[in-house]
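Structure file entry23.cif (mmCIF, N, CA and C atoms) is printed below.
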data_coords
#
loop_
_atom_site.label_atom_id
_atom_site.label_comp_id
_atom_site.auth_asym_id
_atom_site.auth_seq_id
_atom_site.Cartn_x
_atom_site.Cartn_y
_atom_site.Cartn_z
N MET A 1 106.56 83.52 89.51
CA MET A 1 105.81 82.57 90.28
C MET A 1 104.48 83.20 90.71
N ALA A 2 103.40 82.48 90.49
CA ALA A 2 102.07 82.98 90.84
C ALA A 2 101.88 83.00 92.36
N PHE A 3 101.13 83.95 92.80
CA PHE A 3 100.81 84.06 94.22
C PHE A 3 99.45 83.42 94.42
N THR A 4 99.43 82.27 95.07
CA THR A 4 98.19 81.51 95.25
C THR A 4 97.78 81.54 96.71
N LEU A 5 96.50 81.80 96.94
CA LEU A 5 95.95 81.82 98.29
C LEU A 5 95.38 80.46 98.65
N THR A 6 95.50 80.11 99.92
CA THR A 6 94.83 78.92 100.43
C THR A 6 93.36 79.29 100.67
N GLN A 7 92.53 78.28 100.91
CA GLN A 7 91.14 78.56 101.25
C GLN A 7 91.05 79.37 102.53
N ALA A 8 91.89 79.06 103.49
CA ALA A 8 91.90 79.79 104.76
C ALA A 8 92.23 81.27 104.53
N GLU A 9 93.20 81.54 103.67
CA GLU A 9 93.56 82.93 103.37
C GLU A 9 92.43 83.64 102.64
N CYS A 10 91.73 82.93 101.76
CA CYS A 10 90.56 83.52 101.09
C CYS A 10 89.49 83.90 102.11
N LEU A 11 89.26 83.04 103.10
CA LEU A 11 88.29 83.36 104.16
C LEU A 11 88.70 84.63 104.89
N LEU A 12 89.97 84.71 105.27
CA LEU A 12 90.47 85.88 105.98
C LEU A 12 90.24 87.15 105.16
N LEU A 13 90.63 87.12 103.90
CA LEU A 13 90.49 88.32 103.07
C LEU A 13 89.04 88.66 102.81
N GLU A 14 88.20 87.65 102.61
CA GLU A 14 86.77 87.90 102.41
C GLU A 14 86.19 88.60 103.65
N ARG A 15 86.56 88.10 104.82
CA ARG A 15 86.07 88.69 106.07
C ARG A 15 86.56 90.12 106.22
N ARG A 16 87.83 90.35 105.92
CA ARG A 16 88.38 91.71 106.01
C ARG A 16 87.66 92.66 105.06
N ARG A 17 87.39 92.19 103.83
CA ARG A 17 86.69 93.03 102.85
C ARG A 17 85.29 93.40 103.32
N ARG A 18 84.66 92.50 104.02
CA ARG A 18 83.31 92.75 104.53
C ARG A 18 83.33 93.57 105.83
N GLY A 19 84.51 93.72 106.43
CA GLY A 19 84.63 94.43 107.70
C GLY A 19 84.00 93.66 108.85
N GLU A 20 84.04 92.34 108.75
CA GLU A 20 83.40 91.49 109.76
C GLU A 20 84.38 91.00 110.81
N SER A 21 83.83 90.73 111.98
CA SER A 21 84.58 90.01 113.01
C SER A 21 84.49 88.52 112.68
N GLN A 22 85.31 87.73 113.34
CA GLN A 22 85.22 86.28 113.15
C GLN A 22 83.87 85.77 113.64
N THR A 23 83.33 86.38 114.66
CA THR A 23 82.01 85.98 115.18
C THR A 23 80.93 86.21 114.13
N ARG A 24 80.96 87.36 113.51
CA ARG A 24 79.95 87.67 112.46
C ARG A 24 80.12 86.75 111.26
N ALA A 25 81.35 86.47 110.86
CA ALA A 25 81.58 85.57 109.73
C ALA A 25 81.08 84.16 110.06
N ALA A 26 81.31 83.73 111.28
CA ALA A 26 80.82 82.41 111.70
C ALA A 26 79.29 82.36 111.61
N ARG A 27 78.63 83.42 112.02
CA ARG A 27 77.16 83.48 111.92
C ARG A 27 76.73 83.39 110.46
N ARG A 28 77.44 84.09 109.59
CA ARG A 28 77.10 84.07 108.17
C ARG A 28 77.22 82.65 107.60
N TYR A 29 78.22 81.92 108.05
CA TYR A 29 78.40 80.53 107.60
C TYR A 29 77.56 79.54 108.42
N ARG A 30 76.90 80.05 109.45
CA ARG A 30 76.06 79.23 110.33
C ARG A 30 76.85 78.08 110.97
N ILE A 31 77.98 78.46 111.55
CA ILE A 31 78.83 77.50 112.25
C ILE A 31 79.31 78.12 113.57
N PRO A 32 79.79 77.30 114.51
CA PRO A 32 80.35 77.85 115.74
C PRO A 32 81.60 78.71 115.47
N VAL A 33 81.80 79.71 116.28
CA VAL A 33 82.95 80.60 116.11
C VAL A 33 84.26 79.81 116.16
N SER A 34 84.35 78.85 117.05
CA SER A 34 85.59 78.06 117.16
C SER A 34 85.91 77.33 115.86
N ARG A 35 84.89 76.85 115.17
CA ARG A 35 85.12 76.18 113.89
C ARG A 35 85.60 77.18 112.83
N TYR A 36 84.94 78.36 112.80
CA TYR A 36 85.35 79.37 111.83
C TYR A 36 86.81 79.78 112.06
N VAL A 37 87.16 80.01 113.31
CA VAL A 37 88.54 80.41 113.65
C VAL A 37 89.52 79.34 113.17
N ALA A 38 89.18 78.08 113.38
CA ALA A 38 90.05 76.99 112.93
C ALA A 38 90.14 76.97 111.40
N TRP A 39 89.05 77.25 110.73
CA TRP A 39 89.08 77.32 109.26
C TRP A 39 90.04 78.42 108.80
N GLU A 40 89.89 79.59 109.40
CA GLU A 40 90.69 80.74 108.99
C GLU A 40 92.18 80.52 109.30
N ARG A 41 92.46 79.78 110.35
CA ARG A 41 93.86 79.46 110.69
C ARG A 41 94.40 78.32 109.85
N GLY A 42 93.51 77.61 109.16
CA GLY A 42 93.94 76.49 108.35
C GLY A 42 94.18 75.22 109.14
N THR A 43 93.61 75.15 110.35
CA THR A 43 93.84 73.97 111.20
C THR A 43 92.67 72.99 111.17
N ARG A 44 91.65 73.31 110.38
CA ARG A 44 90.51 72.41 110.25
C ARG A 44 90.01 72.48 108.81
N GLU A 45 89.58 71.35 108.28
CA GLU A 45 89.09 71.29 106.91
C GLU A 45 87.86 72.17 106.75
N ILE A 46 87.85 72.95 105.68
CA ILE A 46 86.72 73.83 105.39
C ILE A 46 85.68 73.01 104.63
N THR A 47 84.46 72.99 105.17
CA THR A 47 83.42 72.13 104.61
C THR A 47 82.33 72.90 103.86
N LYS A 48 82.55 74.18 103.64
CA LYS A 48 81.60 75.00 102.88
C LYS A 48 82.35 75.63 101.72
N PRO A 49 81.63 76.00 100.66
CA PRO A 49 82.31 76.64 99.52
C PRO A 49 82.94 77.98 99.92
N VAL A 50 84.13 78.20 99.43
CA VAL A 50 84.86 79.45 99.69
C VAL A 50 85.16 80.10 98.35
N SER A 51 84.84 81.38 98.23
CA SER A 51 85.11 82.11 96.99
C SER A 51 86.60 82.31 96.80
N GLU A 52 87.05 82.11 95.57
CA GLU A 52 88.45 82.43 95.26
C GLU A 52 88.59 83.93 95.20
N ILE A 53 89.70 84.40 95.69
CA ILE A 53 89.94 85.85 95.76
C ILE A 53 91.27 86.16 95.08
N VAL A 54 91.28 87.25 94.33
CA VAL A 54 92.52 87.78 93.80
C VAL A 54 92.92 88.91 94.74
N PRO A 55 94.03 88.73 95.45
CA PRO A 55 94.39 89.74 96.46
C PRO A 55 94.89 91.04 95.84
N THR A 56 94.53 92.13 96.49
CA THR A 56 95.09 93.43 96.12
C THR A 56 96.53 93.46 96.65
N PRO A 57 97.33 94.42 96.24
CA PRO A 57 98.70 94.49 96.77
C PRO A 57 98.74 94.60 98.30
N CYS A 58 97.83 95.36 98.89
CA CYS A 58 97.85 95.48 100.37
C CYS A 58 97.43 94.16 101.01
N GLU A 59 96.48 93.44 100.41
CA GLU A 59 96.08 92.14 100.94
C GLU A 59 97.20 91.12 100.81
N LYS A 60 97.97 91.23 99.76
CA LYS A 60 99.12 90.34 99.61
C LYS A 60 100.10 90.56 100.76
N CYS A 61 100.28 91.81 101.17
CA CYS A 61 101.15 92.11 102.31
C CYS A 61 100.63 91.47 103.59
N VAL A 62 99.30 91.51 103.79
CA VAL A 62 98.70 90.89 104.97
C VAL A 62 98.98 89.39 104.97
N VAL A 63 98.74 88.75 103.83
CA VAL A 63 98.93 87.30 103.72
C VAL A 63 100.39 86.93 103.96
N LEU A 64 101.30 87.66 103.35
CA LEU A 64 102.72 87.35 103.52
C LEU A 64 103.16 87.51 104.98
N ARG A 65 102.62 88.53 105.65
CA ARG A 65 102.95 88.70 107.07
C ARG A 65 102.40 87.55 107.89
N LYS A 66 101.15 87.18 107.62
CA LYS A 66 100.55 86.05 108.36
C LYS A 66 101.37 84.77 108.13
N ARG A 67 101.76 84.54 106.88
CA ARG A 67 102.56 83.35 106.57
C ARG A 67 103.90 83.37 107.31
N SER A 68 104.45 84.55 107.51
CA SER A 68 105.75 84.67 108.18
C SER A 68 105.63 84.44 109.69
N GLY A 69 104.42 84.61 110.22
CA GLY A 69 104.22 84.48 111.67
C GLY A 69 104.64 85.72 112.44
N LYS A 70 104.93 86.79 111.73
CA LYS A 70 105.38 88.03 112.39
C LYS A 70 104.22 88.97 112.65
N ALA A 71 104.38 89.77 113.68
CA ALA A 71 103.40 90.80 114.01
C ALA A 71 103.75 92.08 113.26
N GLN A 72 102.76 92.95 113.12
CA GLN A 72 102.99 94.24 112.46
C GLN A 72 104.13 95.00 113.14
N LYS A 73 104.18 94.92 114.45
CA LYS A 73 105.21 95.62 115.23
C LYS A 73 106.61 95.14 114.84
N GLU A 74 106.76 93.83 114.62
CA GLU A 74 108.07 93.29 114.24
C GLU A 74 108.50 93.78 112.86
N ILE A 75 107.56 93.76 111.93
CA ILE A 75 107.86 94.23 110.57
C ILE A 75 108.25 95.70 110.62
N ALA A 76 107.49 96.47 111.37
CA ALA A 76 107.77 97.91 111.49
C ALA A 76 109.18 98.14 112.04
N ALA A 77 109.55 97.39 113.07
CA ALA A 77 110.89 97.55 113.67
C ALA A 77 111.98 97.20 112.66
N GLU A 78 111.78 96.11 111.93
CA GLU A 78 112.78 95.70 110.92
C GLU A 78 112.93 96.76 109.83
N MET A 79 111.82 97.44 109.50
CA MET A 79 111.85 98.44 108.44
C MET A 79 112.14 99.85 108.97
N ARG A 80 112.29 99.96 110.29
CA ARG A 80 112.50 101.25 110.94
C ARG A 80 111.37 102.22 110.61
N ARG A 81 110.17 101.69 110.77
CA ARG A 81 108.95 102.46 110.56
C ARG A 81 108.06 102.27 111.79
N SER A 82 106.96 102.99 111.84
CA SER A 82 106.02 102.80 112.94
C SER A 82 105.06 101.66 112.60
N ARG A 83 104.47 101.09 113.64
CA ARG A 83 103.47 100.05 113.42
C ARG A 83 102.30 100.63 112.63
N MET A 84 101.92 101.88 112.90
CA MET A 84 100.81 102.51 112.17
C MET A 84 101.09 102.58 110.68
N TRP A 85 102.35 102.79 110.30
CA TRP A 85 102.72 102.81 108.89
C TRP A 85 102.38 101.47 108.25
N VAL A 86 102.72 100.36 108.93
CA VAL A 86 102.41 99.02 108.42
C VAL A 86 100.89 98.84 108.33
N VAL A 87 100.18 99.29 109.36
CA VAL A 87 98.72 99.19 109.36
C VAL A 87 98.13 99.91 108.15
N LEU A 88 98.60 101.12 107.87
CA LEU A 88 98.09 101.88 106.73
C LEU A 88 98.37 101.17 105.40
N MET A 89 99.55 100.57 105.28
CA MET A 89 99.89 99.83 104.05
C MET A 89 98.96 98.62 103.89
N GLU A 90 98.78 97.88 104.98
CA GLU A 90 97.96 96.66 104.91
C GLU A 90 96.48 96.97 104.72
N ARG A 91 96.03 98.11 105.16
CA ARG A 91 94.63 98.51 104.98
C ARG A 91 94.36 99.04 103.58
N GLY A 92 95.41 99.43 102.90
CA GLY A 92 95.24 100.05 101.60
C GLY A 92 95.01 101.54 101.69
N ASP A 93 95.29 102.11 102.87
CA ASP A 93 95.11 103.54 103.06
C ASP A 93 96.36 104.33 102.63
N ALA A 94 97.42 103.61 102.28
CA ALA A 94 98.64 104.22 101.76
C ALA A 94 99.24 103.24 100.75
N ASN A 95 100.02 103.76 99.86
CA ASN A 95 100.64 102.94 98.81
C ASN A 95 101.56 101.90 99.43
N PRO A 96 101.31 100.60 99.16
CA PRO A 96 102.08 99.54 99.81
C PRO A 96 103.38 99.14 99.08
N THR A 97 103.84 99.96 98.14
CA THR A 97 105.02 99.59 97.34
C THR A 97 106.23 99.25 98.19
N GLU A 98 106.53 100.06 99.17
CA GLU A 98 107.71 99.80 100.02
C GLU A 98 107.55 98.51 100.82
N LEU A 99 106.34 98.26 101.31
CA LEU A 99 106.09 97.04 102.06
C LEU A 99 106.17 95.81 101.14
N LEU A 100 105.68 95.93 99.93
CA LEU A 100 105.80 94.83 98.95
C LEU A 100 107.26 94.55 98.62
N ARG A 101 108.05 95.60 98.53
CA ARG A 101 109.48 95.44 98.27
C ARG A 101 110.13 94.66 99.42
N TYR A 102 109.74 95.01 100.65
CA TYR A 102 110.24 94.29 101.83
C TYR A 102 109.92 92.80 101.69
N TRP A 103 108.65 92.48 101.37
CA TRP A 103 108.26 91.08 101.27
C TRP A 103 108.93 90.37 100.11
N ASN A 104 109.20 91.06 99.03
CA ASN A 104 109.95 90.43 97.92
C ASN A 104 111.35 90.05 98.35
N GLU A 105 111.93 90.81 99.26
CA GLU A 105 113.27 90.53 99.75
C GLU A 105 113.30 89.53 100.88
N HIS A 106 112.18 89.37 101.61
CA HIS A 106 112.16 88.53 102.82
C HIS A 106 111.26 87.31 102.75
N SER A 107 110.73 86.98 101.60
CA SER A 107 109.87 85.80 101.54
C SER A 107 110.35 84.79 100.51
#
Output the file's structure in the form of structure tokens.
Amino acid sequence: MAFTLTQAECLLLERRRRGESQTRAARRYRIPVSRYVAWERGTREITKPVSEIVPTPCEKCVVLRKRSGKAQKEIAAEMRRSRMWVVLMERGDANPTELLRYWNEHS
């Protein structure tokens, strides 16, 4: 099964790749911050073009966690790891194989 991102998830990953805050991303799109936040949450229709993104393995972990509604701390506790370990996997600063395995079993 293909892993498909929503437009909102593409916005989130694009912003993360740029290292931007939601405020900065809103400025780039020339919209109010509240509208951008709603776009990224998927609670408001996106009215500007959004680039399609192919997620890296660590970005896939971020998206799956967001979809689950769980915090990094919760995932870490379930895996008997530290929250920092999850942060490193999601940032791409460490190999996310174990975290991907977790998501394959829990999604």
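Remark: for Leu12 of chain A, the closest of the candidate residues A:Arg65, A:Thr56, A:Ala77, A:Trp39 is A:Trp39 (distances computed over all atoms listed in the file).
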Pick out each residue of chain A that DSSP on the backbone tags as helix (DSSP H, G or I); I need them as a ChimeraX atom specification. /A:7-18,22-29,33-41,57-68,72-79,83-91,97-106
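Here atom C of Gly92 of chain A and atom N of Cys61 of chain A stand 11.1 Å from one another.
Close to (103.2, 94.9, 97.0), meaning no more than 6 Å away when counting all atoms listed in the file, sit the residues A:Pro57, A:Cys58, A:Cys61, A:Pro96, A:Thr97, A:Leu99, A:Leu100, A:Arg101.
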Of A:Glu40, A:Ala76, A:Lys60, A:Lys70, the one sitting nearest Ala2 of chain A when using only C-alpha atoms is A:Lys60
Might you spell out which residues the PyMOL selection byres ((chain A and resi 23) around 8) would select in the displayed file, as a PyMOL selection string? chain A and resi 20-22+24-29+32-34+36-37
Among the residues A:Arg18, A:Arg41, A:Arg30, A:Arg80, the one that comes closest to Thr6 of chain A [using only C-alpha atoms]: A:Arg41
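Picture a line from atom C of Cys10 of chain A to atom CA of Ala71 of chain A; it runs 19.6 Å.
Residues lying at most 12 Å from (99.4, 78.7, 99.1) in file coordinates, with only C-alpha atoms considered, are Met1, Ala2, Phe3, Thr4, Leu5, Thr6, Gln7, Ala8, Glu9, Cys10, Gly42, Lys60, Val63, Leu64, Lys66 and Arg67 of chain A.
Shortest atom-to-atom contact with Pro55 of chain A among A:Val87, A:Leu13, A:Gly69, A:Ser82: A:Leu13, counting all atoms listed in the file.
We find atom C of Glu90 of chain A and atom C of Val62 of chain A to be spaced 8.0 Å apart.
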Between A:Leu11, A:Ser107, A:Ile31, A:Met89, which residue has the minimum interatomic distance to Ile53 of chain A, considering only N, CA and C atoms? A:Leu11
